[in-house]
Each structure stands twice: as structure tokens, then as C-alpha cells.
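Read through the structure below, which is laid out as C-alpha cells, and then see the notes.
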Protein chains: 2
Amino acid sequence: MAEPPPFPTVAAMEGHGAYNRMSRVQASGLAPALPLLERAAASALLPPAPEAIVIADYGASQGHNSLAPMAAAIGRLRQRVGRERAISVVHTDRPDNDFATLFQTLASDPDSYLPGDAAVFPSAVGRSFYEQILPPASVTLGWSSWAVQWLSRAPAAIPDQVQISFSRDPAARAAYAARAAEDWRTFLIQRSRELRPGGRLLVMTMALDEAGDMGYRPLVEAIYSALMDLVAEGFIQPDEAQRMAIPTVGRGREEFTAPFGADGRFCGLSIEQLELYQGEDRIWTEFERQRDARTYAASWAAFPRASVLPTLAADLDGGSADPRIPDFIARMVAGIETRMAAAPQRMRIPLAMMLIAKDGG
Amino acid sequence: MAEPPPFPTVAAMEGHGAYNRMSRVQASGLAPALPLLERAAASALLPPAPEAIVIADYGASQGHNSLAPMAAAIGRLRQRVGRERAISVVHTDRPDNDFATLFQTLASDPDSYLPGDAAVFPSAVGRSFYEQILPPASVTLGWSSWAVQWLSRAPAAIPDQVQISFSRDPAARAAYAARAAEDWRTFLIQRSRELRPGGRLLVMTMALDEAGDMGYRPLVEAIYSALMDLVAEGFIQPDEAQRMAIPTVGRGREEFTAPFGADGRFCGLSIEQLELYQGEDRIWTEFERQRDARTYAASWAAFPRASVLPTLAADLDGGSADPRIPDFIARMVAGIETRMAAAPQRMRIPLAMMLIAKDGG
């Protein structure tokens, strides 16, 4: 790895399957991108038969949120090439990802694309997608959901916040903006190497809305305030809290299009469609129906539990072996739930989806 | 999975890296096969450029024992195709394998083939190799070490032993022999589908010597006797011990060649070379030098610790969640060490290596 892995996955800290159980917000956020993925599967230029068609799933985590998109893509490709043609599905994530749960999910989840299709061949790559991790010109269809908002590393401490979008510190904001721009360019460069001529890449990720807002404000405030409570109680030290940052960013239309320049092209890639939208807040919808603030709060506290809270916990003095980690996460969840239950409201969830084409199709 | 996973890996029970730390016997056993692997890399028919050359590593576990063979194969292929050609290395193992440790080993082990080669692309497949798990005609070079001695499942209880090779029960022996024959045929059929025309497959595995002996007798006797002690002490119940079996087999020349029939061919495969040999007992060599029975015993007890003992533990009444597992393993290790220390001797380690060619080269 070019860079050290700064984001321990939940698998390393909390045992198997945690992310799969907590992916409700993610599942509703990616649903609007599925028709676009099917369109990409319909239009991508295919390799000559009998060469296997490669689908890459960048940032697969434990696989649960990949089942619907992969099934949609495979289904559309099967319409073009029939049932016999080999389709290879490569799920990628960081080296410490919980790949055992991913493979068990593929084998036994009722929504898995695998058991019903004898000509589909899943595999996994445990390397950061900020490197080239697949052979040149090998990928026909790329998919990445809820992944490229994670930076390759936290570029700076955030003095006044745990999330850069709510910080007022100019130096930290500049460092994050620079890292975000560089990481997005790097992501595109590596994918342009891996995509076949005429291939397609669909990216779904966190975004900024028209006002430049990344959303999730009540949740982020609850996280930061729960963290400050742990400092006040002496459970963690001030310098530990100071190190903690969620290394994610939202990007707006300008940031997404920046590398593509005036002619709309970058490294043989061009944006066919770019859409910013609001994710549906199903937790709020449920609250409006049931008026159950505890369930509302627990559902929202589950959103950061699998990825964000273990990331923060890794900055405890003992790192990923710190004995306080289980207690840290439990206390954070409790603190977040208390705050979220006090004032239920609809969450803003700015998202982006974009369909990118590689030259040659 | 066609069959339920009967063999929990050490990762599921003992945390990460255990197999990597315990693979000394395995490493010395596979060393004699490396020149044959290089010969296979020299003679295999390659796909037309720029298509990636695929090496498959069947039964990779946590990856440590794969580093030397993969480096040897890649090195020989690089002599043929230069430094730029993409080489894809697919490490396979069961779904519950510890793939995170495998990818971390690839990223950071000083012996890894990955950091020094920008055109090599590792991936993993978490599915049993008794299925077809890679696209048809995609593999140029296959390698499998210390893996095909594991049956797809234990076919029967063994009333008088924990390892079939020392049992005198005719029904159990017949059931194991039938399962072993069927599994070897299945393994070859699936690999024949995956190999490219002119591809090569090198298999290194446990074997039977000329006398039909699978070897490891003092060790297996120590395991069985330690297990019976746990019954006598009441730590486990008789029916738990009765269920426990090591689902591995040694095969002799006759068993290896059986599917190939009179013309020496099977599913487009033929054996280019088959060699039975004795693995070097480096633990005994070390004992002869140091006369340290405790180190000798601890080294041999480490051999079954990562795979065999967790397999036995999974047959406790509580399955892989049984709270006695850590204590069971610790007591078994202690019991094995006591017995091994009492009478150090050279271990017989019958092994086989065979080079198999796919038609078309």
C-alpha cells in the first residue's frame, strides 16, 4: 500500500457482519442509481466472446449493499449475452475489510446474485482503490457506491469539529479540499487505466447540495457533542479527541467535474450524466408514521456505528488494540441516541450519481 | 456452496495470522515442488498479449505459504513476457478463510511478490475448490499445496480413531476411500474447466508411502490419546469425541492416477510428472542438533494447531460458538506436547507432487 491504512474496518474491531446489519441509509441512497447502472450495462462495449465480462465493485465492504446493484447489472448483461457467457464480479475494499463475511453473504444471502447463475464468478481485491488494482483495460462495468467520500487519509486535524464540513477552521478546510481534489483525480486516473475501451463507470457518493451543505447536520452535531462529553467525563483525553476526524467529504458539481477540464474529458474518460439528488430519509418517514423517537434515534445512531465510530476509535491512544474500544463505541452510540431522540427531524442526505464513459465505445 | 462448510478455519476461532505463524512443516514440504512449478511456468502456453496471465493458487489459507511459489512462478513468467505484462494472481480458499490477513500479508510481508511488481494483480476467491470458481479456460498456471488432502466433508464417523489412516474400521475406511476418490475426480474436473488450453496445474499434497502409510503416526497417536484424556477427565463428552475426525487423506500413486484411465488422460488433462517423496523433518533435524525435547514437542504440536484442532473443536456440542473452544485447544496442545516430548523421533511425511497439463499446448 502506498499509504498506511488509516480506517480500520468494523470487522477488525467488532466482529463479523456489523456493516451488513447497519446499511439501511446506504441501501435507500443507492436505489436511484440502479436504473443508471442498468443503462450503463446496456451501453458498455463488451469484450469479444468468450472472454469473461468483468464488473468491478469498488468499495464493497461486507457485500450486502452490492447484491442489488450487481444483480441489476448482471441481469441486464444477460439480456445481451445470454446465460452461458462468463461474468466476473470483482469486489474491492481495503486490505482489512471483512471479506469472509462478503463471501459468506454471496454464498447464502437470499438476495445474492451467485446461487442462481452458474456462469458468474465472484472474487475480491483487498487493496485501496487509490491504486491501480486490476489489470489494464480489463473492466467493462465499474460500480462504486458510498465509497469515494472516504479520503485516502485524513489530511489534517480538525480543531473545532469531527467532520470537516462543519468546521470553521480555514487551514483544515483547505487541507481537506486539497486532499479531496487530489483523491478524486487519483480515483479517476486509476479507473481509466482499468476500464476497457467503451467501458462504463457509475459512481454514487456523498455530495454537497446547492448551498454547499453536506447534510447530516443533526447527526454530526450529535457525534461531536457525544465525543466532547467523553472528554468532559475523563473517559478519553483531550488530545485523543483532538486527533479524531471522520475523513469523508461531500463534493459538489464543481468538484466532480474539475478534472475533466474545458472539453469535458480526462484520461480518456467523460461524464455522460451527473445528477445531484437528496437521499430518501426512510428513518424519518418511519418516524412520521410511528412517532417513536427511540427507534428514530437508534436507526440514525446505527448509520455511523459500522464505519465512522471504529474510525474514530482507532485514534485512541492504544490504536486498534485499545481496550476501551467496545466501551467507547457503546458510549458514543448512547450519547448519539440521546441527542437524536430529543429532536427528531428530517435529515438532509445530499448524494451524487454519475455515469462515466471510457473512450472507444 | 454445494456442501456446508465443515472446516472452520483458524481465523474464525483464534484470531488473525495463526496459520501464517504455524506453517513451518508446510513450508519445507512444498520447497521441492518449486523447481517443478518453474518448469510449468516455462512450458505453459500463454494467452495472447495483452491479455493478463492468470495464476491460480488453490487453497491459499492466509497466504504466507503462497509467497515463495507465487514469486517463483511470476519470476519465470517475467523471463518470458517482460516486466510490463499484466499477471493476475488469484488466491482461493473457503468462504470463512482469513482473507484480510492474506491481503495484509501480500501488502507488507518482506517476501511478498506484490510490492516489487507494478504489473501483478492479486485477488481472492472465497469458495470451495470442489466447485468451478473461475471462468472457463482462464487459468494459465495453477498451484495447490497442502490443500487437496482436505476432503469436501467428513464422510463418516471414525469409531476407533481421529484420522482414517490409523483406523481399523472397514466401513469408515471404505467411506473415506470413496469420498477421497470422488473429491479428487471433482477437483480435476473443475480445474480442467478453468485451465486454458496448454495450461499447467501443479499439485502438492499429502500422500501414502510405498507401504500405504500416510505418516505422522506419533503425532496422530498423540492427538487421539490427548482427546481420549479429555473424555476421561469429563472435559468433553464421549459423543463429542466420537464425532471428531480429521477429514484429510493421503493418496498413493494409484489413487492419483485412477481418474486418468488407460490412455493417461482425463477431461483433457494428463499427468506430465508424478513424484512421491518424503518431506524433510526440520523439527527432527533441529532436535538432533539441540536435543531439546520441549522445543521438538512444541513445534510438532503447532502443526495441527491452526487447522486440525479448530476442525475438531467445531464438533463440540456448541459448534463454532462453544465456549470451551479456547480451553479445548489449549488442553489438546498441552496433551500433544507431553506425549511428543516423551519420545522424540523422526516423523514420516509422505508427500506427492504432480504436474498436470491441459490439452492444447
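Order determines the names: the first chain of the C-alpha cells is A, the second B, and so forth; residues in each chain are numbered 1 upward, and ligands are numbered 1 upward as they are shown.
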
Asp239 (chain B) environment, 10 Å, only C-alpha atoms, sequence neighbours closer than 3 positions dropped, as an MDAnalysis selection string: chainID B and resid 231 236 242:244 315:317

Selection export as a PDB file, in the first residue's frame, atoms kept: N, CA, C and O atoms:
```
ATOM      1  N   VAL B 231     -11.911 -36.862  27.372  1.00  0.00           N
ATOM      2  CA  VAL B 231     -13.140 -37.602  27.686  1.00  0.00           C
ATOM      3  C   VAL B 231     -13.042 -38.163  29.097  1.00  0.00           C
ATOM      4  O   VAL B 231     -13.969 -38.017  29.905  1.00  0.00           O
ATOM      5  N   ILE B 236     -14.814 -33.178  27.823  1.00  0.00           N
ATOM      6  CA  ILE B 236     -15.749 -33.334  26.702  1.00  0.00           C
ATOM      7  C   ILE B 236     -16.496 -34.653  26.884  1.00  0.00           C
ATOM      8  O   ILE B 236     -16.055 -35.540  27.620  1.00  0.00           O
ATOM      9  N   GLN B 242     -16.563 -38.781  19.713  1.00  0.00           N
ATOM     10  CA  GLN B 242     -16.926 -39.748  18.677  1.00  0.00           C
ATOM     11  C   GLN B 242     -17.145 -39.055  17.330  1.00  0.00           C
ATOM     12  O   GLN B 242     -16.814 -39.571  16.275  1.00  0.00           O
ATOM     13  N   ARG B 243     -17.698 -37.842  17.382  1.00  0.00           N
ATOM     14  CA  ARG B 243     -17.945 -37.095  16.135  1.00  0.00           C
ATOM     15  C   ARG B 243     -16.665 -36.560  15.503  1.00  0.00           C
ATOM     16  O   ARG B 243     -16.622 -36.236  14.325  1.00  0.00           O
ATOM     17  N   MET B 244     -15.650 -36.382  16.329  1.00  0.00           N
ATOM     18  CA  MET B 244     -14.467 -35.659  15.852  1.00  0.00           C
ATOM     19  C   MET B 244     -13.610 -36.514  14.926  1.00  0.00           C
ATOM     20  O   MET B 244     -13.250 -37.637  15.253  1.00  0.00           O
ATOM     21  N   ASP B 315     -16.738 -29.713  16.336  1.00  0.00           N
ATOM     22  CA  ASP B 315     -17.677 -30.788  16.632  1.00  0.00           C
ATOM     23  C   ASP B 315     -18.042 -30.862  18.109  1.00  0.00           C
ATOM     24  O   ASP B 315     -18.714 -31.803  18.532  1.00  0.00           O
ATOM     25  N   LEU B 316     -17.604 -29.897  18.885  1.00  0.00           N
ATOM     26  CA  LEU B 316     -18.130 -29.789  20.243  1.00  0.00           C
ATOM     27  C   LEU B 316     -19.635 -29.499  20.151  1.00  0.00           C
ATOM     28  O   LEU B 316     -20.124 -29.011  19.127  1.00  0.00           O
ATOM     29  N   ASP B 317     -20.356 -29.791  21.222  1.00  0.00           N
ATOM     30  CA  ASP B 317     -21.811 -29.632  21.170  1.00  0.00           C
ATOM     31  C   ASP B 317     -22.229 -28.224  20.765  1.00  0.00           C
ATOM     32  O   ASP B 317     -23.245 -28.035  20.095  1.00  0.00           O
TER      33      ASP B 317
END
```

Residues of chain B no more than 8 Å from chain A, counting only C-alpha atoms: send them over as a JSON list (two decimals) with all heavy atoms, in the first residue's frame.
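Contents of the output file part32.json:
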```
[["chain", "number", "residue", "atom", "x", "y", "z"],
["B", 1, "MET", "N", -22.62, -22.52, -1.77],
["B", 1, "MET", "CA", -21.79, -23.70, -1.62],
["B", 1, "MET", "C", -22.66, -24.95, -1.76],
["B", 1, "MET", "O", -23.73, -25.05, -1.19],
["B", 1, "MET", "CB", -21.15, -23.73, -0.23],
["B", 1, "MET", "CG", -20.28, -22.53, 0.06],
["B", 1, "MET", "SD", -18.75, -22.56, -0.89],
["B", 1, "MET", "CE", -18.01, -24.06, -0.25],
["B", 52, "ALA", "N", -4.18, -10.54, -19.62],
["B", 52, "ALA", "CA", -3.47, -10.86, -18.39],
["B", 52, "ALA", "C", -3.26, -12.37, -18.28],
["B", 52, "ALA", "O", -4.12, -13.16, -18.65],
["B", 52, "ALA", "CB", -4.26, -10.36, -17.18],
["B", 86, "ALA", "N", 0.59, -7.79, -17.73],
["B", 86, "ALA", "CA", -0.22, -7.99, -16.53],
["B", 86, "ALA", "C", -0.29, -9.46, -16.16],
["B", 86, "ALA", "O", -0.53, -10.32, -17.01],
["B", 86, "ALA", "CB", -1.63, -7.45, -16.75],
["B", 87, "ILE", "N", -0.04, -9.75, -14.89],
["B", 87, "ILE", "CA", -0.18, -11.10, -14.33],
["B", 87, "ILE", "C", -1.17, -11.01, -13.18],
["B", 87, "ILE", "O", -1.00, -10.22, -12.25],
["B", 87, "ILE", "CB", 1.17, -11.66, -13.84],
["B", 87, "ILE", "CG1", 2.15, -11.80, -15.02],
["B", 87, "ILE", "CG2", 0.97, -12.99, -13.13],
["B", 87, "ILE", "CD1", 3.54, -12.30, -14.62],
["B", 88, "SER", "N", -2.21, -11.80, -13.25],
["B", 88, "SER", "CA", -3.24, -11.82, -12.22],
["B", 88, "SER", "C", -3.04, -13.05, -11.35],
["B", 88, "SER", "O", -2.91, -14.16, -11.88],
["B", 88, "SER", "CB", -4.60, -11.84, -12.92],
["B", 88, "SER", "OG", -5.63, -12.04, -11.99],
["B", 95, "PRO", "N", -14.96, -19.93, 2.07],
["B", 95, "PRO", "CA", -15.52, -18.60, 2.31],
["B", 95, "PRO", "C", -15.11, -18.00, 3.66],
["B", 95, "PRO", "O", -14.95, -16.78, 3.76],
["B", 95, "PRO", "CB", -17.04, -18.84, 2.29],
["B", 95, "PRO", "CG", -17.25, -20.10, 1.53],
["B", 95, "PRO", "CD", -16.01, -20.93, 1.73],
["B", 96, "ASP", "N", -14.94, -18.84, 4.69],
["B", 96, "ASP", "CA", -14.62, -18.30, 6.01],
["B", 96, "ASP", "C", -13.12, -18.14, 6.23],
["B", 96, "ASP", "O", -12.67, -17.91, 7.35],
["B", 96, "ASP", "CB", -15.25, -19.15, 7.12],
["B", 96, "ASP", "CG", -14.77, -20.60, 7.07],
["B", 96, "ASP", "OD1", -14.06, -20.97, 6.11],
["B", 96, "ASP", "OD2", -15.09, -21.36, 7.99],
["B", 97, "ASN", "N", -12.35, -18.25, 5.17],
["B", 97, "ASN", "CA", -10.90, -18.07, 5.29],
["B", 97, "ASN", "C", -10.56, -16.63, 5.73],
["B", 97, "ASN", "O", -11.33, -15.70, 5.52],
["B", 97, "ASN", "CB", -10.24, -18.35, 3.93],
["B", 97, "ASN", "CG", -8.73, -18.31, 4.00],
["B", 97, "ASN", "OD1", -8.12, -18.99, 4.81],
["B", 97, "ASN", "ND2", -8.12, -17.50, 3.14],
["B", 98, "ASP", "N", -9.39, -16.46, 6.29],
["B", 98, "ASP", "CA", -8.96, -15.15, 6.79],
["B", 98, "ASP", "C", -8.30, -14.35, 5.66],
["B", 98, "ASP", "O", -7.10, -14.19, 5.59],
["B", 98, "ASP", "CB", -7.99, -15.36, 7.95],
["B", 98, "ASP", "CG", -7.53, -14.05, 8.58],
["B", 98, "ASP", "OD1", -8.02, -12.98, 8.16],
["B", 98, "ASP", "OD2", -6.70, -14.12, 9.50],
["B", 99, "PHE", "N", -9.14, -13.81, 4.77],
["B", 99, "PHE", "CA", -8.62, -13.10, 3.60],
["B", 99, "PHE", "C", -8.00, -11.76, 3.98],
["B", 99, "PHE", "O", -7.12, -11.26, 3.27],
["B", 99, "PHE", "CB", -9.73, -12.90, 2.57],
["B", 99, "PHE", "CG", -10.18, -14.18, 1.92],
["B", 99, "PHE", "CD1", -11.36, -14.79, 2.28],
["B", 99, "PHE", "CD2", -9.39, -14.81, 0.96],
["B", 99, "PHE", "CE1", -11.78, -15.98, 1.70],
["B", 99, "PHE", "CE2", -9.78, -16.00, 0.37],
["B", 99, "PHE", "CZ", -10.98, -16.58, 0.74],
["B", 100, "ALA", "N", -8.46, -11.15, 5.08],
["B", 100, "ALA", "CA", -7.86, -9.88, 5.49],
["B", 100, "ALA", "C", -6.37, -10.09, 5.80],
["B", 100, "ALA", "O", -5.53, -9.29, 5.38],
["B", 100, "ALA", "CB", -8.61, -9.31, 6.69],
["B", 101, "THR", "N", -6.06, -11.16, 6.52],
["B", 101, "THR", "CA", -4.64, -11.44, 6.78],
["B", 101, "THR", "C", -3.90, -11.73, 5.48],
["B", 101, "THR", "O", -2.77, -11.29, 5.28],
["B", 101, "THR", "CB", -4.50, -12.61, 7.77],
["B", 101, "THR", "OG1", -5.00, -12.20, 9.04],
["B", 101, "THR", "CG2", -3.04, -13.04, 7.93],
["B", 103, "PHE", "N", -4.49, -10.49, 2.47],
["B", 103, "PHE", "CA", -4.19, -9.24, 1.75],
["B", 103, "PHE", "C", -3.16, -8.39, 2.51],
["B", 103, "PHE", "O", -2.33, -7.72, 1.88],
["B", 103, "PHE", "CB", -5.47, -8.45, 1.50],
["B", 103, "PHE", "CG", -6.30, -9.00, 0.36],
["B", 103, "PHE", "CD1", -7.56, -9.51, 0.57],
["B", 103, "PHE", "CD2", -5.78, -9.01, -0.94],
["B", 103, "PHE", "CE1", -8.32, -10.03, -0.48],
["B", 103, "PHE", "CE2", -6.53, -9.52, -1.99],
["B", 103, "PHE", "CZ", -7.80, -10.04, -1.76],
["B", 104, "GLN", "N", -3.21, -8.43, 3.84],
["B", 104, "GLN", "CA", -2.20, -7.69, 4.59],
["B", 104, "GLN", "C", -0.82, -8.33, 4.42],
["B", 104, "GLN", "O", 0.19, -7.63, 4.34],
["B", 104, "GLN", "CB", -2.63, -7.59, 6.06],
["B", 104, "GLN", "CG", -3.79, -6.59, 6.22],
["B", 104, "GLN", "CD", -4.60, -6.75, 7.49],
["B", 104, "GLN", "OE1", -4.58, -7.79, 8.13],
["B", 104, "GLN", "NE2", -5.34, -5.71, 7.87],
["B", 107, "ALA", "N", 0.50, -7.23, 1.15],
["B", 107, "ALA", "CA", 0.90, -5.82, 1.14],
["B", 107, "ALA", "C", 2.22, -5.59, 1.87],
["B", 107, "ALA", "O", 3.00, -4.73, 1.47],
["B", 107, "ALA", "CB", -0.20, -4.96, 1.77],
["B", 108, "SER", "N", 2.48, -6.37, 2.92],
["B", 108, "SER", "CA", 3.58, -5.96, 3.79],
["B", 108, "SER", "C", 4.60, -7.03, 4.12],
["B", 108, "SER", "O", 5.63, -6.71, 4.73],
["B", 108, "SER", "CB", 2.99, -5.41, 5.10],
["B", 108, "SER", "OG", 2.18, -6.39, 5.71],
["B", 115, "PRO", "N", 4.84, -5.89, -3.73],
["B", 115, "PRO", "CA", 5.38, -4.53, -3.74],
["B", 115, "PRO", "C", 6.39, -4.26, -4.86],
["B", 115, "PRO", "O", 6.49, -3.14, -5.33],
["B", 115, "PRO", "CB", 6.03, -4.40, -2.35],
["B", 115, "PRO", "CG", 5.29, -5.38, -1.50],
["B", 115, "PRO", "CD", 4.99, -6.54, -2.41],
["B", 119, "ALA", "N", 2.95, -4.69, -12.22],
["B", 119, "ALA", "CA", 2.03, -5.29, -13.19],
["B", 119, "ALA", "C", 1.47, -6.62, -12.71],
["B", 119, "ALA", "O", 0.99, -7.43, -13.49],
["B", 119, "ALA", "CB", 2.72, -5.46, -14.54],
["B", 120, "VAL", "N", 1.51, -6.84, -11.40],
["B", 120, "VAL", "CA", 0.90, -8.05, -10.85],
["B", 120, "VAL", "C", -0.33, -7.64, -10.04],
["B", 120, "VAL", "O", -0.32, -6.63, -9.32],
["B", 120, "VAL", "CB", 1.92, -8.86, -10.01],
["B", 120, "VAL", "CG1", 2.28, -8.16, -8.71],
["B", 120, "VAL", "CG2", 1.40, -10.26, -9.72],
["B", 121, "PHE", "N", -1.43, -8.39, -10.19],
["B", 121, "PHE", "CA", -2.71, -8.00, -9.61],
["B", 121, "PHE", "C", -3.31, -9.17, -8.83],
["B", 121, "PHE", "O", -3.88, -10.08, -9.40],
["B", 121, "PHE", "CB", -3.66, -7.55, -10.73],
["B", 121, "PHE", "CG", -3.14, -6.37, -11.48],
["B", 121, "PHE", "CD1", -2.42, -6.52, -12.67],
["B", 121, "PHE", "CD2", -3.31, -5.08, -10.98],
["B", 121, "PHE", "CE1", -1.91, -5.42, -13.33],
["B", 121, "PHE", "CE2", -2.79, -3.98, -11.64],
["B", 121, "PHE", "CZ", -2.09, -4.14, -12.82],
["B", 122, "PRO", "N", -3.16, -9.13, -7.50],
["B", 122, "PRO", "CA", -3.70, -10.21, -6.69],
["B", 122, "PRO", "C", -5.21, -10.05, -6.45],
["B", 122, "PRO", "O", -5.73, -8.93, -6.41],
["B", 122, "PRO", "CB", -2.95, -10.08, -5.37],
["B", 122, "PRO", "CG", -2.51, -8.67, -5.31],
["B", 122, "PRO", "CD", -2.41, -8.15, -6.72],
["B", 123, "SER", "N", -5.87, -11.17, -6.30],
["B", 123, "SER", "CA", -7.27, -11.17, -5.89],
["B", 123, "SER", "C", -7.52, -12.46, -5.12],
["B", 123, "SER", "O", -6.61, -13.28, -4.96],
["B", 123, "SER", "CB", -8.19, -11.06, -7.10],
["B", 123, "SER", "OG", -8.02, -12.17, -7.95],
["B", 124, "ALA", "N", -8.74, -12.61, -4.63],
["B", 124, "ALA", "CA", -9.08, -13.78, -3.82],
["B", 124, "ALA", "C", -10.46, -14.28, -4.21],
["B", 124, "ALA", "O", -11.32, -13.50, -4.61],
["B", 124, "ALA", "CB", -9.05, -13.43, -2.33],
["B", 125, "VAL", "N", -10.64, -15.58, -4.08],
["B", 125, "VAL", "CA", -11.96, -16.18, -4.28],
["B", 125, "VAL", "C", -12.27, -17.03, -3.05],
["B", 125, "VAL", "O", -11.51, -17.94, -2.72],
["B", 125, "VAL", "CB", -12.00, -17.06, -5.55],
["B", 125, "VAL", "CG1", -13.32, -17.84, -5.61],
["B", 125, "VAL", "CG2", -11.84, -16.21, -6.79],
["B", 126, "GLY", "N", -13.35, -16.72, -2.38],
["B", 126, "GLY", "CA", -13.74, -17.43, -1.17],
["B", 126, "GLY", "C", -14.80, -18.48, -1.44],
["B", 126, "GLY", "O", -15.93, -18.35, -0.99],
["B", 127, "ARG", "N", -14.42, -19.50, -2.19],
["B", 127, "ARG", "CA", -15.35, -20.60, -2.50],
["B", 127, "ARG", "C", -14.56, -21.91, -2.54],
["B", 127, "ARG", "O", -13.38, -21.91, -2.89],
["B", 127, "ARG", "CB", -16.03, -20.38, -3.86],
["B", 127, "ARG", "CG", -16.85, -19.10, -3.92],
["B", 127, "ARG", "CD", -17.32, -18.81, -5.35],
["B", 127, "ARG", "NE", -18.37, -19.72, -5.76],
["B", 127, "ARG", "CZ", -18.78, -19.84, -7.03],
["B", 127, "ARG", "NH1", -18.21, -19.12, -7.99],
["B", 127, "ARG", "NH2", -19.75, -20.67, -7.33],
["B", 133, "ILE", "N", -14.79, -22.26, -9.84],
["B", 133, "ILE", "CA", -14.81, -20.96, -9.18],
["B", 133, "ILE", "C", -14.11, -19.88, -10.02],
["B", 133, "ILE", "O", -14.03, -18.73, -9.60],
["B", 133, "ILE", "CB", -14.15, -21.04, -7.78],
["B", 133, "ILE", "CG1", -12.74, -21.64, -7.85],
["B", 133, "ILE", "CG2", -15.04, -21.87, -6.85],
["B", 133, "ILE", "CD1", -12.03, -21.69, -6.51],
["B", 134, "LEU", "N", -13.62, -20.25, -11.19],
["B", 134, "LEU", "CA", -13.00, -19.27, -12.09],
["B", 134, "LEU", "C", -13.58, -19.48, -13.49],
["B", 134, "LEU", "O", -14.05, -20.57, -13.81],
["B", 134, "LEU", "CB", -11.48, -19.44, -12.09],
["B", 134, "LEU", "CG", -10.80, -19.07, -10.77],
["B", 134, "LEU", "CD1", -9.35, -19.52, -10.75],
["B", 134, "LEU", "CD2", -10.89, -17.56, -10.53],
["B", 135, "PRO", "N", -13.57, -18.43, -14.32],
["B", 135, "PRO", "CA", -14.18, -18.55, -15.65],
["B", 135, "PRO", "C", -13.54, -19.67, -16.47],
["B", 135, "PRO", "O", -12.37, -20.02, -16.27],
["B", 135, "PRO", "CB", -13.90, -17.17, -16.28],
["B", 135, "PRO", "CG", -13.77, -16.24, -15.12],
["B", 135, "PRO", "CD", -13.10, -17.06, -14.05],
["B", 136, "PRO", "N", -14.30, -20.21, -17.39],
["B", 136, "PRO", "CA", -13.78, -21.29, -18.23],
["B", 136, "PRO", "C", -12.51, -20.86, -18.97],
["B", 136, "PRO", "O", -12.41, -19.72, -19.43],
["B", 136, "PRO", "CB", -14.91, -21.53, -19.24],
["B", 136, "PRO", "CG", -16.14, -20.97, -18.61],
["B", 136, "PRO", "CD", -15.68, -19.85, -17.72]]
```

Residue neighbourhood Ala222 (chain B), 7 Å, only C-alpha atoms, exclusion window fewer than 6 positions, as a ChimeraX atom specification: /B:336,339-340

DSSP strand (DSSP E) selection over region 93-185 of chain B, as an NGL selection string: :B and (93 or 120-126 or 139-145)

Go ahead and save the picked residues with C-alpha atoms, as a PDB file, in the first residue's frame.
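Writing done, so here's again.pdb:
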```pdb
ATOM      1  CA  ASP B  93      -9.857 -20.755  -0.139  1.00  0.00           C
ATOM      2  CA  VAL B 120       0.905  -8.050 -10.845  1.00  0.00           C
ATOM      3  CA  PHE B 121      -2.711  -8.003  -9.615  1.00  0.00           C
ATOM      4  CA  PRO B 122      -3.703 -10.214  -6.689  1.00  0.00           C
ATOM      5  CA  SER B 123      -7.267 -11.173  -5.889  1.00  0.00           C
ATOM      6  CA  ALA B 124      -9.079 -13.784  -3.823  1.00  0.00           C
ATOM      7  CA  VAL B 125     -11.958 -16.184  -4.278  1.00  0.00           C
ATOM      8  CA  GLY B 126     -13.739 -17.432  -1.171  1.00  0.00           C
ATOM      9  CA  VAL B 139      -6.079 -20.093 -15.888  1.00  0.00           C
ATOM     10  CA  THR B 140      -2.612 -20.430 -17.371  1.00  0.00           C
ATOM     11  CA  LEU B 141      -0.876 -21.770 -14.280  1.00  0.00           C
ATOM     12  CA  GLY B 142      -2.494 -23.484 -11.298  1.00  0.00           C
ATOM     13  CA  TRP B 143      -0.808 -24.250  -7.982  1.00  0.00           C
ATOM     14  CA  SER B 144      -2.157 -26.076  -4.961  1.00  0.00           C
ATOM     15  CA  SER B 145      -0.101 -27.037  -1.929  1.00  0.00           C
TER      16      SER B 145
END
```

With 9 Å as the cut-off and only C-alpha atoms counted, what is the closest atom pair between each nearby residue of region 234-284 of chain B and region 174-182 of chain B? Distances in Å to one decimal, ordered by chain and number, as a tab-separated table.
```
residue	atom	partner	partner_atom	distance
B:Pro247	CA	B:Tyr176	CA	8.5
B:Thr248	CA	B:Ala180	CA	8.7
B:Val249	CA	B:Ala180	CA	7.0
B:Gly250	CA	B:Ala180	CA	8.9
B:Arg251	CA	B:Ala180	CA	8.2
B:Glu255	CA	B:Ala181	CA	7.0
B:Phe256	CA	B:Ala181	CA	8.6
B:Ala258	CA	B:Ala181	CA	8.3
B:Pro259	CA	B:Ala181	CA	8.4
```

Neighbour list for Leu67 (chain A) as a PyMOL selection string, cut-off 7 Å, only C-alpha atoms, skip fewer than 6 positions in-chain: chain A and resi 111-113
